[in-house]
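Below is one structure, written out as structure tokens; the observations come after it.
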Amino acid sequence: MKKYSLIAPGMLVLAMAACSGETESGSSVAAGNLLTGDWDEISEAATGQEVNMYMWGGNDNINRYLDEWVAPRLKEQHGVDLNRVPVNDSQDIINQLVDEKSVGKEDGSMDIIWINGENFKAAKDNELLWGDFSGQLPNFNDYIDQEAPDIAADFGEPVNGLEAPWGKAQFVFVHDENRSENPPKSMEELAQWVEENPGQFTYPALPDFTGSAFIRQVLYETTGGYEQYQQPAAEIEDLEERFEPMWQYLNSIEPFLWREGETYPESLAKQDQLFASGEIGMTMSYDPALAASEVLKGRFPDSTRTFVLDGGTLANTHFLSIPFNSVDKAGAMVTINELMSPEAQTAKLSPENWGDLTALDFEKLSSEQQQAMNDVDLGEATLPFEELENHQLPELSADYIEIIEKGWMENVAKE
Amino acid sequence: MNKTSWLTKIILVVVLMLFIGLPFLLLVLSSISFGWQWPNILPESFSFRSWEYVLTGSSDTWRAVGFSLLIAVTVTAVNILLAVPAAKSLVRNQLRAKWLFEAIIFAPIVIPPFVAVMGIHLTFLRLGLTETVLGVVLAHLSPTLPYMVRAVVISYNTLSVDWEDQARMLGAGTISRFYHVVLPHIMPGIAAGASLSILISLSQYLITFIIGSGQVVTLPILLFPFISGGDPAIASAYSLLFAGIAILTLLGMDAALKKYYQKKKTATGKA
Amino acid sequence: MNDLRIINIEKKYNSRLPKNDSAFTLQPIGLTIKEGEFFSLLGPSGCGKTTLLKLVAGLIRADGGEIRMDDFDLTAVPPEDRRFAMVFQKSLLFPHMTVEENVAFGLKMQKVSKKMRLDQARNMLEHVGLQGFGFRHPDELSGGQQQRVALARALVAHPRLLLMDEPFSALDPSLREDMRELLRQIQKEFRVTVLFVTHDREEAFYLSDRIGVMSEGELLQVGTAQNLRDHPDTTKVAAFLGLKNLIEGTVTNGYFSSKLEEFEIPVPHLIEEGSCFLILRPEAIQLMPEGVIPGADAMHIRGEIQQLIFNHGFYIGKLKTANHQLECSFSSQQAKNMAAGQMVDLMISLNDIHIVKK
């Protein structure tokens, strides 16, 4: 029995070794050239490859955009099969790549991963990403403003071509027009609104991503702007004192929050549920078009609107990257390039598909392409393109986020 | 007597409806609701968006269902092959360090799966077992085997050695003894263990994702992002589908078990 | 001849539990059981008789010695290949099979065709008085019926040896007697060799051609019922056979004298000198007729009747002599004229007394 049970996996190992040997010899020749070679060659090498794209899979619109809009076009135009792999938490992907790296697995199944912020930093620090590839992509060179701070850095971490921008997100507040006609335009006004509408406002408990973004928003407005935080947190000596007004603000609104601030929704999903059911009057999102798509799905009321603060709101870019051990790197490059094309980005902008802001530089598009983007009906709930663009603030780097999340536990949640 | 039994029956049915029926009904409503504002008891209108997404289109649901079942059934079959001899030696042999063996077998119930799966992942990576159904099946053994062994051990405990000795004295060799005496007796235990094994295997997310590295897509792999991502309609639809598959599988097993016992009975009756 | 020969078989159990320091040992035992013989192992529980039975069956591996049938060494043959059968204390009918299937099980294991084996099973059921019960399931039968099925199941394949481990001990007393009768009949009819284990001496006496008395892992004495009763080798055997009136004493110069010298009688010279016991069988003790003086061939006993107990048509009298408590039996006729507290004179023929070594 023991002997037999060992033979089965043993044979499998042999079979796998045989397979991997084959694929390596097929692609390794090209792999070296991919970062320097000609795009036509890369394109040719990509033909017939199957690209596994690992990305969060909890939104049917996004899933459908990739499966039904992107994949058929890729197959038709480039002969590349796109296989979307649903992921629950990007952290799992990073953990897996760390394990694969530690045992030296060279034939990984991930070809494209969708990451940004902390996950990018973790991947970069652990050398889990392949290399400086984005400069090879024609669409990156043609349509991206490579100097823009939110393209060159990802939550303060220099990108170095390891990942290519796919889209942008911006923090917006979501409210019901029928219940609050004049939404607040600053944190001060928000505090007033909260006092006037007790029980109608709350934010997701940290370390929820969106809840954390809301606190950063408060930080910018109550402590005098983002500029002072552009250096590493460790270099600011009086950081605690500087943060003090932020905690005061949060504690001052607490008694007027949902359930008197005794508890906070455990996730944005929970908070959205409260908003959808009408129990609270305001929610928030780091995706400016999400509200519109929720209206389309019938979850949020038709009178749902979004707004940004006069002083601007946080914005960040999300990226696509290629892991170090991707087998089909050429295919991955072609796919990423295709996802950055004006057509794909325009389709992505539509709330029916996804409603994600474009990563492209509007100025670099041709007039027809600009027209096509402007023609996209973002839905009444989404703010106009331009208004969003004009109210963007850069993100904080990960070291700040950690300090803030810890501080919130001590200064707000505990009291 | 009739009155009280009727009363208890009615109360039982009501309680069952409340605790089992109602959550199901809520899931159904949630999966087809379109605009469900707070004080309203029922949604304003309905939409089959979530079901359309789950059952058709590119969601690959049926493939995932197929993989889920294939893995659950294989895991359970392997579990039976491992648990029966394991239970036998745990019950029959006077092992010196019995508690140690039991501790090892039952450890996966106590140790958080996340801790175990990280170690398994590294080992399986070296063996080339990641990204394969075989690897996922092997990894699923760890959270399921303890329940299987437990169930079979309980059955074995009630089977006195005398039964096997009796069969022996009637000339039954090892295989005959197992087939004619042991198996019929421990069958209920095997069935109970198998039900647990199938359910637990079907509901594994983390182990499947990490060991399968996304290349083995089961139903939970599709379902989990929707639960944490906050699309209650699709999450509800998937959950209902999941519950349906689980119930169907258990019913199928029950039917197979009945058939097994029927075969035993008719074999006697006909003669 | 298919005689069963047990040659110096032995078994040691090392006590696994630290508390229980008395490790059990079965002393080497040699025994031959003739073909067609009904042989019983009689002894108190824990004496090793079941162990010996299982050693013969092969269910326990012996530490030494041989089991032979005819001249074949069976010691290394697994139990399922010995062509023995066994009936346990519990009927152990397979619950998922009908009565008929249970009985046919042994033949099925021998690959006998279905029709043949079921025919034979029905035939055997008839022999044990269960005609027409074939289609029932074991749980539909009474305890006695279940044990009959177990007997039929054991016999159907014509075993060379039938081993029985206290098969009737779980039954009601009246049922037990029926079963004894049935077993006796069937054993005679099929001429099957039986090795029977019991702690019930009546059962052993009733059924057996020969009996082996066991105690503490030792086979003390083998013989017919009569033989054992009349001439027990040791007090242990006597005690276990239920012999009453054991009087401790010594033999010197052809005379036995009890400890307190109450009794003094001549004994045959072949009896060794030393401490020993005098055994007075209650039924051999006679009431001394009026005016008769006991001769030299009888022993005189005088004592006070303490109690008269009615038992199966006769009376047990508890007698107190100068130094001993004795039991004797009286007919109803004799007992009519007696009462507790009365002094009586009794006698016993010297031919009826038996002396065993201590």
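Each chain in the structure tokens gets a letter, A, B and so on, in the order shown; residues start at 1 in every chain, and ligands are counted from 1 in the order they appear.
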
Contacts between chain B and chain A, please, where a residue of chain A counts if it comes within 9 Å (with only C-alpha atoms); show its shortest atom pair and distance in Å to one decimal, rows by chain and ascending number, as JSON lines.
```
{"residue": "A:Pro9", "atom": "CA", "partner": "B:Leu129", "partner_atom": "CA", "distance": 7.5}
{"residue": "A:Gly10", "atom": "CA", "partner": "B:Leu127", "partner_atom": "CA", "distance": 8.1}
{"residue": "A:Leu12", "atom": "CA", "partner": "B:Leu129", "partner_atom": "CA", "distance": 7.7}
{"residue": "A:Val13", "atom": "CA", "partner": "B:Gly128", "partner_atom": "CA", "distance": 5.5}
{"residue": "A:Leu14", "atom": "CA", "partner": "B:Gly128", "partner_atom": "CA", "distance": 8.8}
{"residue": "A:Met16", "atom": "CA", "partner": "B:Gly128", "partner_atom": "CA", "distance": 6.7}
{"residue": "A:Ala17", "atom": "CA", "partner": "B:Gly128", "partner_atom": "CA", "distance": 7.9}
{"residue": "A:Asn52", "atom": "CA", "partner": "B:Gln215", "partner_atom": "CA", "distance": 8.7}
{"residue": "A:Tyr54", "atom": "CA", "partner": "B:Gly214", "partner_atom": "CA", "distance": 7.8}
{"residue": "A:Trp56", "atom": "CA", "partner": "B:Pro225", "partner_atom": "CA", "distance": 6.8}
{"residue": "A:Gly57", "atom": "CA", "partner": "B:Pro225", "partner_atom": "CA", "distance": 5.4}
{"residue": "A:Gly58", "atom": "CA", "partner": "B:Phe226", "partner_atom": "CA", "distance": 4.1}
{"residue": "A:Asn59", "atom": "CA", "partner": "B:Phe226", "partner_atom": "CA", "distance": 6.6}
{"residue": "A:Asp60", "atom": "CA", "partner": "B:Tyr53", "partner_atom": "CA", "distance": 7.2}
{"residue": "A:Asn63", "atom": "CA", "partner": "B:Ser59", "partner_atom": "CA", "distance": 7.9}
{"residue": "A:Arg64", "atom": "CA", "partner": "B:Ser58", "partner_atom": "CA", "distance": 7.1}
{"residue": "A:Asp67", "atom": "CA", "partner": "B:Ser58", "partner_atom": "CA", "distance": 6.1}
{"residue": "A:Glu68", "atom": "CA", "partner": "B:Ser58", "partner_atom": "CA", "distance": 7.1}
{"residue": "A:Val85", "atom": "CA", "partner": "B:Gly214", "partner_atom": "CA", "distance": 5.9}
{"residue": "A:Pro86", "atom": "CA", "partner": "B:Leu222", "partner_atom": "CA", "distance": 6.3}
{"residue": "A:Val87", "atom": "CA", "partner": "B:Pro225", "partner_atom": "CA", "distance": 6.5}
{"residue": "A:Asn88", "atom": "CA", "partner": "B:Pro225", "partner_atom": "CA", "distance": 4.4}
{"residue": "A:Asp89", "atom": "CA", "partner": "B:Pro225", "partner_atom": "CA", "distance": 7.8}
{"residue": "A:Asp92", "atom": "CA", "partner": "B:Ile210", "partner_atom": "CA", "distance": 7.5}
{"residue": "A:Ile93", "atom": "CA", "partner": "B:Ile210", "partner_atom": "CA", "distance": 8.4}
{"residue": "A:Asn95", "atom": "CA", "partner": "B:Met118", "partner_atom": "CA", "distance": 8.8}
{"residue": "A:Gln96", "atom": "CA", "partner": "B:Ile210", "partner_atom": "CA", "distance": 6.8}
{"residue": "A:Asp99", "atom": "CA", "partner": "B:Leu122", "partner_atom": "CA", "distance": 6.0}
{"residue": "A:Glu100", "atom": "CA", "partner": "B:Leu125", "partner_atom": "CA", "distance": 6.8}
{"residue": "A:Ser102", "atom": "CA", "partner": "B:Leu122", "partner_atom": "CA", "distance": 8.2}
{"residue": "A:Val103", "atom": "CA", "partner": "B:Arg126", "partner_atom": "CA", "distance": 6.4}
{"residue": "A:Gly104", "atom": "CA", "partner": "B:Arg126", "partner_atom": "CA", "distance": 8.5}
{"residue": "A:Lys105", "atom": "CA", "partner": "B:Leu125", "partner_atom": "CA", "distance": 7.2}
{"residue": "A:Ser109", "atom": "CA", "partner": "B:Ser213", "partner_atom": "CA", "distance": 7.4}
{"residue": "A:Met110", "atom": "CA", "partner": "B:Ser213", "partner_atom": "CA", "distance": 8.4}
{"residue": "A:Ser267", "atom": "CA", "partner": "B:Ser228", "partner_atom": "CA", "distance": 8.6}
{"residue": "A:Leu268", "atom": "CA", "partner": "B:Gly230", "partner_atom": "CA", "distance": 7.9}
{"residue": "A:Ala269", "atom": "CA", "partner": "B:Gly230", "partner_atom": "CA", "distance": 4.5}
{"residue": "A:Lys270", "atom": "CA", "partner": "B:Gly230", "partner_atom": "CA", "distance": 7.3}
{"residue": "A:Asp272", "atom": "CA", "partner": "B:Gly230", "partner_atom": "CA", "distance": 8.0}
{"residue": "A:Gln273", "atom": "CA", "partner": "B:Gly230", "partner_atom": "CA", "distance": 8.0}
{"residue": "A:Leu274", "atom": "CA", "partner": "B:Trp38", "partner_atom": "CA", "distance": 8.2}
{"residue": "A:Phe275", "atom": "CA", "partner": "B:Trp38", "partner_atom": "CA", "distance": 8.8}
{"residue": "A:Ala276", "atom": "CA", "partner": "B:Gln37", "partner_atom": "CA", "distance": 6.4}
{"residue": "A:Ser277", "atom": "CA", "partner": "B:Trp38", "partner_atom": "CA", "distance": 4.0}
{"residue": "A:Gly278", "atom": "CA", "partner": "B:Trp38", "partner_atom": "CA", "distance": 5.0}
{"residue": "A:Glu279", "atom": "CA", "partner": "B:Trp38", "partner_atom": "CA", "distance": 6.1}
{"residue": "A:Val295", "atom": "CA", "partner": "B:Gly35", "partner_atom": "CA", "distance": 8.6}
{"residue": "A:Lys297", "atom": "CA", "partner": "B:Phe34", "partner_atom": "CA", "distance": 6.8}
{"residue": "A:Gly298", "atom": "CA", "partner": "B:Phe34", "partner_atom": "CA", "distance": 4.6}
{"residue": "A:Arg299", "atom": "CA", "partner": "B:Gly35", "partner_atom": "CA", "distance": 4.8}
{"residue": "A:Phe300", "atom": "CA", "partner": "B:Gly35", "partner_atom": "CA", "distance": 6.6}
{"residue": "A:Pro301", "atom": "CA", "partner": "B:Gly35", "partner_atom": "CA", "distance": 6.7}
```

Using only C-alpha atoms, find the residues of chain C whose closest atom to chain B is at most 10 Å away, then write them as a ChimeraX atom specification. /C:16,54,57-59,78-110,114-115,118,134-137,150,153-157,159,162-163

I'd like the contact shell of segment 226-240 of chain A - 7 Å cut-off, only C-alpha atoms, skipping same-chain residues fewer than 3 positions apart - returned as a PyMOL selection string. chain A and resi 220+243-244+399-400

Using only C-alpha atoms, the best pick from A:Ala205, A:Leu360, A:Leu34, A:Ile113 as closest to Glu343 of chain A would be A:Leu360

**Message:** I need the alpha helix (DSSP H) residues of segment 14-200 of chain B per DSSP on the backbone, written as a ChimeraX atom specification.
**Reply:** /B:14-16,22-32,49-55,61-92,98-110,113-127,133-157,161-169,174-177,183-200

Members of segment 215-389 of chain A assigned strand (DSSP E) by DSSP, as a list in words: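 Those residues are Met282, Thr283, Met284, Ser285, Thr304, Arg305, Thr306, Phe307, Thr313, Leu314, Ala315, Asn316, Thr317, His318, Phe319, Leu320, Ser321, Leu357 and Thr358 of chain A.
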
Export of the given selection (all heavy atoms) as a short mmCIF file (atom, residue, chain, number, x, y, z; two decimals), in the first residue's frame:
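Wrote it out as out03.cif, contents follow:
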```cif
data_model
loop_
_atom_site.label_atom_id
_atom_site.label_comp_id
_atom_site.auth_asym_id
_atom_site.auth_seq_id
_atom_site.Cartn_x
_atom_site.Cartn_y
_atom_site.Cartn_z
N MET A 282 -25.30 57.62 3.79
CA MET A 282 -24.09 57.92 3.03
C MET A 282 -23.13 56.75 3.11
O MET A 282 -23.01 56.09 4.15
CB MET A 282 -23.42 59.18 3.61
CG MET A 282 -22.53 59.90 2.61
SD MET A 282 -21.76 61.38 3.32
CE MET A 282 -23.05 62.59 3.24
N THR A 283 -22.46 56.48 1.98
CA THR A 283 -21.37 55.50 2.02
C THR A 283 -20.23 56.07 1.22
O THR A 283 -20.24 57.27 0.89
CB THR A 283 -21.83 54.11 1.53
OG1 THR A 283 -20.74 53.20 1.64
CG2 THR A 283 -22.29 54.14 0.08
N MET A 284 -19.26 55.29 0.91
CA MET A 284 -18.08 55.81 0.21
C MET A 284 -17.51 54.71 -0.66
O MET A 284 -17.87 53.54 -0.51
CB MET A 284 -17.04 56.28 1.23
CG MET A 284 -16.68 55.21 2.23
SD MET A 284 -15.80 55.86 3.66
CE MET A 284 -17.05 56.76 4.52
N SER A 285 -16.65 55.09 -1.57
CA SER A 285 -16.09 54.08 -2.46
C SER A 285 -14.77 54.59 -3.02
O SER A 285 -14.60 55.78 -3.22
CB SER A 285 -17.07 53.81 -3.61
OG SER A 285 -16.46 52.97 -4.55
N THR A 304 -29.19 57.79 -6.27
CA THR A 304 -27.83 57.76 -5.72
C THR A 304 -26.91 58.69 -6.52
O THR A 304 -26.98 58.72 -7.75
CB THR A 304 -27.28 56.33 -5.77
OG1 THR A 304 -28.14 55.48 -5.04
CG2 THR A 304 -25.88 56.26 -5.19
N ARG A 305 -26.11 59.46 -5.80
CA ARG A 305 -25.13 60.34 -6.45
C ARG A 305 -23.80 60.21 -5.73
O ARG A 305 -23.76 59.77 -4.59
CB ARG A 305 -25.59 61.81 -6.39
CG ARG A 305 -26.86 62.11 -7.16
CD ARG A 305 -26.67 61.99 -8.67
NE ARG A 305 -27.89 62.25 -9.38
CZ ARG A 305 -28.81 61.31 -9.69
NH1 ARG A 305 -28.62 60.06 -9.34
NH2 ARG A 305 -29.90 61.63 -10.32
N THR A 306 -22.73 60.63 -6.44
CA THR A 306 -21.43 60.65 -5.77
C THR A 306 -20.92 62.08 -5.72
O THR A 306 -21.38 62.93 -6.48
CB THR A 306 -20.40 59.80 -6.54
OG1 THR A 306 -20.35 60.24 -7.89
CG2 THR A 306 -20.78 58.33 -6.50
N PHE A 307 -20.01 62.34 -4.81
CA PHE A 307 -19.41 63.68 -4.77
C PHE A 307 -17.99 63.59 -4.23
O PHE A 307 -17.63 62.61 -3.56
CB PHE A 307 -20.27 64.64 -3.92
CG PHE A 307 -20.36 64.27 -2.46
CD1 PHE A 307 -19.45 64.79 -1.53
CD2 PHE A 307 -21.36 63.42 -2.01
CE1 PHE A 307 -19.54 64.46 -0.19
CE2 PHE A 307 -21.45 63.09 -0.66
CZ PHE A 307 -20.54 63.60 0.26
N THR A 313 -9.85 64.54 -3.52
CA THR A 313 -9.89 63.24 -2.83
C THR A 313 -8.75 62.37 -3.34
O THR A 313 -8.19 62.61 -4.40
CB THR A 313 -11.23 62.50 -3.07
OG1 THR A 313 -11.45 62.40 -4.47
CG2 THR A 313 -12.39 63.21 -2.39
N LEU A 314 -8.47 61.33 -2.56
CA LEU A 314 -7.36 60.42 -2.88
C LEU A 314 -7.61 59.72 -4.22
O LEU A 314 -8.72 59.34 -4.53
CB LEU A 314 -7.25 59.34 -1.80
CG LEU A 314 -6.81 59.79 -0.42
CD1 LEU A 314 -7.15 58.71 0.58
CD2 LEU A 314 -5.32 60.06 -0.44
N ALA A 315 -6.54 59.55 -4.96
CA ALA A 315 -6.65 58.79 -6.19
C ALA A 315 -5.45 57.85 -6.27
O ALA A 315 -4.38 58.15 -5.73
CB ALA A 315 -6.66 59.73 -7.40
N ASN A 316 -5.62 56.72 -6.88
CA ASN A 316 -4.46 55.85 -7.10
C ASN A 316 -4.62 55.09 -8.39
O ASN A 316 -5.69 55.07 -9.00
CB ASN A 316 -4.25 54.89 -5.91
CG ASN A 316 -5.27 53.78 -5.89
OD1 ASN A 316 -5.43 53.04 -6.87
ND2 ASN A 316 -5.98 53.66 -4.79
N THR A 317 -3.55 54.51 -8.80
CA THR A 317 -3.54 53.77 -10.05
C THR A 317 -3.41 52.30 -9.72
O THR A 317 -2.72 51.94 -8.78
CB THR A 317 -2.34 54.20 -10.91
OG1 THR A 317 -2.34 55.63 -10.97
CG2 THR A 317 -2.40 53.62 -12.29
N HIS A 318 -4.12 51.46 -10.47
CA HIS A 318 -3.90 50.02 -10.29
C HIS A 318 -3.20 49.47 -11.51
O HIS A 318 -3.37 49.96 -12.63
CB HIS A 318 -5.19 49.27 -9.94
CG HIS A 318 -6.35 49.54 -10.85
ND1 HIS A 318 -6.57 48.84 -11.98
CD2 HIS A 318 -7.35 50.46 -10.75
CE1 HIS A 318 -7.66 49.28 -12.57
NE2 HIS A 318 -8.16 50.27 -11.85
N PHE A 319 -2.39 48.46 -11.28
CA PHE A 319 -1.43 48.04 -12.30
C PHE A 319 -1.56 46.55 -12.63
O PHE A 319 -2.15 45.77 -11.87
CB PHE A 319 -0.01 48.28 -11.79
CG PHE A 319 0.33 49.72 -11.53
CD1 PHE A 319 -0.01 50.33 -10.33
CD2 PHE A 319 1.02 50.45 -12.48
CE1 PHE A 319 0.32 51.65 -10.07
CE2 PHE A 319 1.37 51.79 -12.22
CZ PHE A 319 1.02 52.37 -11.02
N LEU A 320 -0.97 46.19 -13.76
CA LEU A 320 -0.85 44.78 -14.12
C LEU A 320 0.64 44.44 -14.16
O LEU A 320 1.45 45.23 -14.63
CB LEU A 320 -1.46 44.53 -15.50
CG LEU A 320 -2.97 44.78 -15.58
CD1 LEU A 320 -3.43 44.71 -17.04
CD2 LEU A 320 -3.73 43.78 -14.73
N SER A 321 0.96 43.27 -13.65
CA SER A 321 2.37 42.91 -13.63
C SER A 321 2.55 41.45 -14.06
O SER A 321 1.58 40.70 -14.14
CB SER A 321 2.95 43.13 -12.24
OG SER A 321 4.35 42.90 -12.28
N LEU A 357 -11.95 54.15 -14.26
CA LEU A 357 -11.32 55.30 -14.94
C LEU A 357 -10.11 54.83 -15.75
O LEU A 357 -9.42 53.90 -15.37
CB LEU A 357 -10.88 56.34 -13.92
CG LEU A 357 -11.99 56.95 -13.06
CD1 LEU A 357 -11.40 57.98 -12.10
CD2 LEU A 357 -13.04 57.61 -13.95
N THR A 358 -9.87 55.56 -16.84
CA THR A 358 -8.77 55.14 -17.70
C THR A 358 -7.41 55.52 -17.10
O THR A 358 -7.30 56.50 -16.36
CB THR A 358 -8.91 55.77 -19.11
OG1 THR A 358 -7.82 55.31 -19.92
CG2 THR A 358 -8.86 57.29 -19.03
#
```

**Request:** For Ile105 of chain B, list every protein, DNA or RNA residue within 9 Å, evaluated using only C-alpha atoms, and leave out those in the same chain fewer than 3 positions away; present the list as a count of residues only.
**Result:** 9

- [ ] Find the distance between atom CA of Leu309 of chain A and atom CA of Phe173 of chain A and write it in Å to one decimal.
- [x]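 Taking atom CA of Leu309 of chain A as the start and atom CA of Phe173 of chain A as the end point, the length is 8.6 Å.
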
Check your understanding: What does the distance between atom CA of Leu171 of chain C and atom CA of Leu159 of chain B come to in Å, to one decimal place?
Key ->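 Atom-to-atom, atom CA of Leu171 of chain C to atom CA of Leu159 of chain B, that is 22.2 Å.
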
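If you measure from each of B:Leu7, B:Ala72, B:Leu16, B:Leu22 to Thr208 of chain B using only C-alpha atoms, the closest one turns out to be B:Ala72.
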
| said: Just want the 7 Å neighbourhood of Asn139 of chain A, counted on only C-alpha atoms, with same-chain residues fewer than 4 positions away dropped. Output as a list of chain:residue names. | reply: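 These residues fall inside the cut-off: A:Tyr143, A:Asn337, A:Met340, A:Ser341.
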
### Selected residue, from B:Leu69, B:Leu199, B:Leu29, B:Ala191, that lies nearest to Lys258 of chain B when counting only C-alpha atoms
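Of all the options, B:Ala191 lies closest to Lys258 of chain B.
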
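Atom CA of Arg201 of chain C is found 13.1 Å from atom CA of Glu177 of chain C.
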
Q: Determine, counting only C-alpha atoms, which protein, DNA and RNA residues have an atom within 8 Å of an atom of segment 303-314 of chain C; residues of the same chain fewer than 5 positions away are not included. Present the result as an MDAnalysis selection string.
A: chainID C and resid 319:322 329:332 335 339:345

*asked:* Show me, as a PyMOL selection string, the residues that have an atom within 12 Å of Lys124 of chain A when counting only C-alpha atoms, minus same-chain residues fewer than 4 positions from it.
replied: chain A and resi 94+97-98+115-120+128-132+154+157-163+321-324
